[in-house]
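Structure below is upload.cif: mmCIF, C-alpha atoms.
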data_structure
#
loop_
_atom_site.label_atom_id
_atom_site.label_comp_id
_atom_site.auth_asym_id
_atom_site.auth_seq_id
_atom_site.Cartn_x
_atom_site.Cartn_y
_atom_site.Cartn_z
CA MET A 1 137.70 80.86 195.20
CA LYS A 2 138.84 83.59 192.86
CA GLN A 3 136.04 85.56 191.27
CA VAL A 4 135.66 86.43 187.61
CA ILE A 5 133.00 88.70 186.13
CA ILE A 6 131.37 87.69 182.86
CA ALA A 7 129.87 90.62 180.95
CA THR A 8 126.49 89.04 180.27
CA GLN A 9 122.94 88.99 181.57
CA ASN A 10 122.23 85.74 179.72
CA LYS A 11 121.60 82.97 182.27
CA GLY A 12 122.36 80.29 179.68
CA LYS A 13 125.79 81.74 179.03
CA ALA A 14 126.35 82.05 182.79
CA LYS A 15 125.74 78.30 183.19
CA ASP A 16 128.16 77.56 180.36
CA PHE A 17 130.86 79.67 182.00
CA GLU A 18 130.25 78.08 185.40
CA ALA A 19 130.74 74.62 183.91
CA LEU A 20 133.96 75.79 182.27
CA LEU A 21 135.50 77.97 184.98
CA SER A 22 134.49 76.30 188.25
CA PRO A 23 136.99 73.45 187.72
CA LEU A 24 139.71 76.11 187.35
CA GLY A 25 138.86 77.52 190.78
CA TYR A 26 136.78 80.53 189.71
CA GLU A 27 133.45 81.71 191.06
CA VAL A 28 131.49 83.13 188.14
CA LEU A 29 129.64 86.41 188.60
CA THR A 30 127.61 88.08 185.87
CA LEU A 31 126.10 91.52 185.36
CA LEU A 32 122.98 90.13 187.02
CA ASP A 33 125.06 89.81 190.21
CA VAL A 34 127.12 92.99 190.12
CA ALA A 35 125.65 95.56 187.72
CA LYS A 36 122.13 94.65 186.60
CA ASP A 37 121.52 98.05 184.99
CA LEU A 38 124.77 98.09 183.00
CA ASP A 39 123.90 97.49 179.35
CA VAL A 40 126.48 97.77 176.58
CA GLU A 41 125.20 98.35 173.06
CA GLU A 42 126.70 95.86 170.62
CA THR A 43 127.50 98.07 167.65
CA GLY A 44 130.34 95.98 166.22
CA THR A 45 130.11 94.15 162.90
CA THR A 46 132.17 91.14 164.05
CA PHE A 47 132.13 88.87 167.09
CA GLU A 48 135.56 90.21 168.07
CA GLU A 49 134.49 93.85 167.95
CA ASN A 50 131.41 93.18 170.10
CA ALA A 51 133.33 91.10 172.65
CA ILE A 52 135.95 93.85 173.05
CA LEU A 53 133.26 96.54 173.33
CA LYS A 54 131.51 94.68 176.14
CA ALA A 55 134.64 93.65 178.03
CA GLU A 56 136.24 97.11 177.99
CA ALA A 57 133.04 98.97 178.89
CA VAL A 58 132.31 96.75 181.88
CA ALA A 59 135.94 96.62 183.02
CA HIS A 60 136.05 100.43 182.95
CA ALA A 61 132.74 100.77 184.80
CA LEU A 62 133.60 98.25 187.52
CA GLN A 63 137.39 98.77 187.61
CA THR A 64 138.09 95.06 187.59
CA THR A 65 138.94 92.20 185.23
CA VAL A 66 136.08 91.15 182.96
CA ILE A 67 135.56 88.41 180.40
CA ALA A 68 133.05 89.10 177.65
CA ASP A 69 132.06 86.85 174.82
CA ASP A 70 130.25 87.39 171.60
CA SER A 71 129.12 84.26 169.92
CA GLY A 72 126.63 83.01 167.42
CA LEU A 73 125.62 80.60 164.73
CA GLU A 74 127.01 80.70 161.19
CA ILE A 75 125.07 78.70 158.61
CA ASP A 76 126.75 78.18 155.27
CA ALA A 77 123.48 78.02 153.29
CA LEU A 78 122.53 81.41 154.77
CA ASN A 79 125.85 83.01 153.76
CA GLY A 80 127.14 82.85 157.33
CA GLY A 81 123.93 84.13 158.91
CA PRO A 82 122.57 84.79 161.41
CA GLY A 83 126.15 85.52 162.59
CA VAL A 84 126.49 88.54 164.88
CA TYR A 85 122.69 88.91 164.77
CA SER A 86 122.12 85.43 166.23
CA ALA A 87 120.53 86.61 169.49
CA ARG A 88 118.14 89.02 167.78
CA TYR A 89 117.65 87.19 164.48
CA ALA A 90 113.86 87.17 164.78
CA GLY A 91 113.57 90.51 166.57
CA LEU A 92 114.93 92.69 169.35
CA GLU A 93 113.06 90.73 172.04
CA LYS A 94 115.73 87.98 171.64
CA SER A 95 113.42 84.95 171.65
CA ASP A 96 115.24 81.62 171.32
CA GLU A 97 112.13 79.90 169.97
CA ALA A 98 111.40 82.61 167.41
CA ASN A 99 115.05 82.58 166.28
CA ILE A 100 114.95 78.81 165.76
CA ASP A 101 111.66 79.07 163.86
CA LYS A 102 113.15 81.68 161.54
CA VAL A 103 116.26 79.58 160.85
CA LEU A 104 114.14 76.51 160.09
CA ALA A 105 111.88 78.54 157.79
CA ASN A 106 114.85 80.03 155.94
CA LEU A 107 116.38 76.56 155.47
CA GLU A 108 113.18 74.96 154.19
CA GLY A 109 114.00 72.85 151.15
CA VAL A 110 117.77 72.90 151.79
CA LEU A 111 119.25 69.39 151.54
CA ASP A 112 120.69 67.76 154.67
CA GLU A 113 124.25 67.76 153.32
CA GLU A 114 124.01 71.50 152.63
CA ARG A 115 122.90 72.42 156.18
CA THR A 116 126.47 72.74 157.49
CA ALA A 117 127.03 75.28 160.23
CA ARG A 118 129.25 76.23 163.12
CA PHE A 119 129.02 77.96 166.43
CA ARG A 120 131.70 80.64 166.75
CA CYS A 121 132.79 82.35 169.97
CA VAL A 122 135.23 85.17 170.64
CA LEU A 123 136.25 85.87 174.24
CA ALA A 124 137.72 89.23 175.21
CA VAL A 125 139.55 89.71 178.51
CA ALA A 126 139.83 93.31 179.68
CA ALA A 127 141.21 94.91 182.82
CA PRO A 128 142.02 98.47 183.86
CA GLY A 129 145.51 99.39 182.67
CA GLN A 130 145.92 96.20 180.63
CA GLU A 131 145.74 95.53 176.92
CA THR A 132 142.57 93.67 175.96
CA ILE A 133 143.21 90.21 174.54
CA THR A 134 140.90 87.91 172.55
CA PHE A 135 140.55 84.18 172.00
CA ALA A 136 138.38 82.33 169.47
CA GLY A 137 136.69 78.94 169.43
CA PHE A 138 134.53 76.99 166.99
CA CYS A 139 132.27 73.95 166.90
CA GLU A 140 131.23 72.41 163.57
CA GLY A 141 127.86 70.77 163.01
CA HIS A 142 124.66 70.55 160.99
CA ILE A 143 121.26 72.18 161.34
CA LEU A 144 118.43 69.69 161.84
CA LYS A 145 114.90 70.15 160.52
CA GLU A 146 113.34 69.87 163.98
CA ARG A 147 114.28 70.41 167.62
CA ARG A 148 115.88 67.67 169.72
CA GLY A 149 116.79 67.83 173.41
CA GLU A 150 115.90 69.91 176.45
CA ASN A 151 119.27 71.22 177.65
CA GLY A 152 121.26 74.30 176.68
CA PHE A 153 119.80 77.45 175.18
CA GLY A 154 119.69 79.43 171.97
CA TYR A 155 120.03 77.30 168.85
CA ASP A 156 121.24 74.20 170.75
CA PRO A 157 118.11 72.09 169.97
CA ILE A 158 118.72 72.24 166.19
CA PHE A 159 122.54 72.16 166.18
CA TYR A 160 123.60 68.55 165.55
CA VAL A 161 127.13 67.43 166.44
CA PRO A 162 127.94 64.47 164.12
CA THR A 163 130.86 63.17 166.20
CA LEU A 164 128.51 62.66 169.18
CA ASN A 165 125.33 61.84 167.25
CA LYS A 166 123.50 64.36 169.45
CA THR A 167 122.32 67.94 169.35
CA MET A 168 123.86 70.46 171.70
CA ALA A 169 120.57 70.36 173.64
CA GLU A 170 120.99 66.60 174.22
CA LEU A 171 124.38 67.04 175.90
CA SER A 172 125.05 67.39 179.61
CA ALA A 173 126.77 70.59 180.75
CA GLN A 174 130.06 68.67 181.01
CA GLU A 175 129.70 67.10 177.55
CA LYS A 176 128.88 70.48 176.04
CA ALA A 177 131.84 72.17 177.74
CA ALA A 178 134.18 69.56 176.26
CA ILE A 179 133.30 70.33 172.63
CA SER A 180 131.54 73.70 172.48
CA HIS A 181 132.75 76.86 170.77
CA ARG A 182 132.79 78.61 174.15
CA GLY A 183 134.70 75.75 175.75
CA ASN A 184 137.26 75.75 172.94
CA ALA A 185 137.74 79.53 173.23
CA LEU A 186 138.16 79.24 176.99
CA ARG A 187 140.77 76.52 176.61
CA GLU A 188 142.68 78.87 174.30
CA LEU A 189 142.43 81.53 177.02
CA GLU A 190 143.60 79.05 179.67
CA ARG A 191 146.64 78.05 177.61
CA ALA A 192 147.67 81.66 177.11
CA MET A 193 146.28 83.07 180.35
CA PRO A 194 148.26 86.18 181.20
CA GLU A 195 149.86 86.45 184.62
CA TRP A 196 147.61 89.32 185.67
CA LEU A 197 144.57 87.07 185.22
CA ARG A 198 146.15 84.10 186.98
CA THR A 199 146.73 86.22 190.07
CA GLU A 200 143.36 87.98 189.97
CA LYS A 201 141.63 87.97 193.37
#

Could you write out this file's structure as structure tokens?
Amino acid sequence: MKQVIIATQNKGKAKDFEALLSPLGYEVLTLLDVAKDLDVEETGTTFEENAILKAEAVAHALQTTVIADDSGLEIDALNGGPGVYSARYAGLEKSDEANIDKVLANLEGVLDEERTARFRCVLAVAAPGQETITFAGFCEGHILKERRGENGFGYDPIFYVPTLNKTMAELSAQEKAAISHRGNALRELERAMPEWLRTEK
């Protein structure tokens, strides 16, 4: 199998990428596998800026092709928040449970029909000597008032997908890959995959 490095130390994201890329013939490696001490500070103000920062820094350090994503939850009633701060919404320790609690607290009293939200993902593909390219994906939904489901990670237990009548955390890995923001971004990448990535060893 061809190998591809994902610029993340997030095991949940790693599982998402494995579900998406394994059928395409790729073995997914993360920073936990190849560069555990490599940490890129996310100083960008948009998902795209952060994805490019991570992809280019890791590609330069490892001298190989890297895919990085920056993704998060945008809630309309919170003016698009938590947005780029999704992972550290409740603090720098990046606690999924604390982040969910803060979202639910901030949405207290907000009517069901006004709890519209979306997951947004931007993928950046970087390689030495190549121009970095980006791809975006979205998934629309609603924020519930309580958690449902045991799968996934992050905000998945409160993100309800109306078309499936389930939260992200109630979906199997395959079901999630078919509709998720990350899956949609990766399908954009696959459709426009540059030749240098197709032939990557």

**OP:** For the structure shown, which residues end up in the PyMOL selection byres ((chain A and resi 114-116) around 12)? Put them as a PyMOL selection string, please?
**Re:** chain A and resi 73-81+103-104+106-113+117-119+139-145+158-162

Original post:
On this structure, which residues satisfy the PyMOL selection byres ((chain A and resi 37) around 12), written as a ChimeraX atom specification?
Top reply: /A:7-9,30-36,38-40,58,61

**OP:** For the file shown, report as a ChimeraX atom specification the outcome of the PyMOL selection byres ((chain A and resi 5) around 8) at residue level.
**Re:** /A:3-4,6-7,28-31,65-67

Range 45-72 of chain A residues near range 84-96 of chain A within 8 Å, closest pair each, using all atoms listed in the file, as a Markdown table:
| residue | atom | partner | partner_atom | distance |
| --- | --- | --- | --- | --- |
| A:Thr45 | CA | A:Val84 | CA | 7.0 |
| A:Thr46 | CA | A:Val84 | CA | 6.3 |
| A:Phe47 | CA | A:Val84 | CA | 6.1 |
| A:Asp70 | CA | A:Val84 | CA | 7.8 |
| A:Ser71 | CA | A:Val84 | CA | 7.1 |
| A:Gly72 | CA | A:Ser86 | CA | 5.3 |

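In this model, the gap between CA of Thr167 in chain A and CA of Arg187 in chain A comes to 21.6 Å.
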
Subject >> Between CA of Ala68 in chain A and CA of Val125 in chain A - distance in Å to one decimal >> reply: 6.6 Å

Original post:
With distances taken over all atoms listed in the file, which of A:Lys54, A:Leu189, A:Asn99, A:Lys176 is nearest to Ile133 in chain A?
Top reply: A:Leu189

Let me have the centre and edge lengths in Å, one decimal, of the box along x, y and z around every listed atom of range 64-70 of chain A with 5 Å of margin on each side, as lines of an AutoDock Vina configuration file.
center_x = 134.6
center_y = 91.0
center_z = 179.6
size_x = 18.7
size_y = 18.2
size_z = 26.0

Subject >> Separation of CA of Cys121 in chain A from CA of Ala136 in chain A in Å >> reply: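 Between CA of Ala136 in chain A and CA of Cys121 in chain A the gap works out to 5.6 Å.
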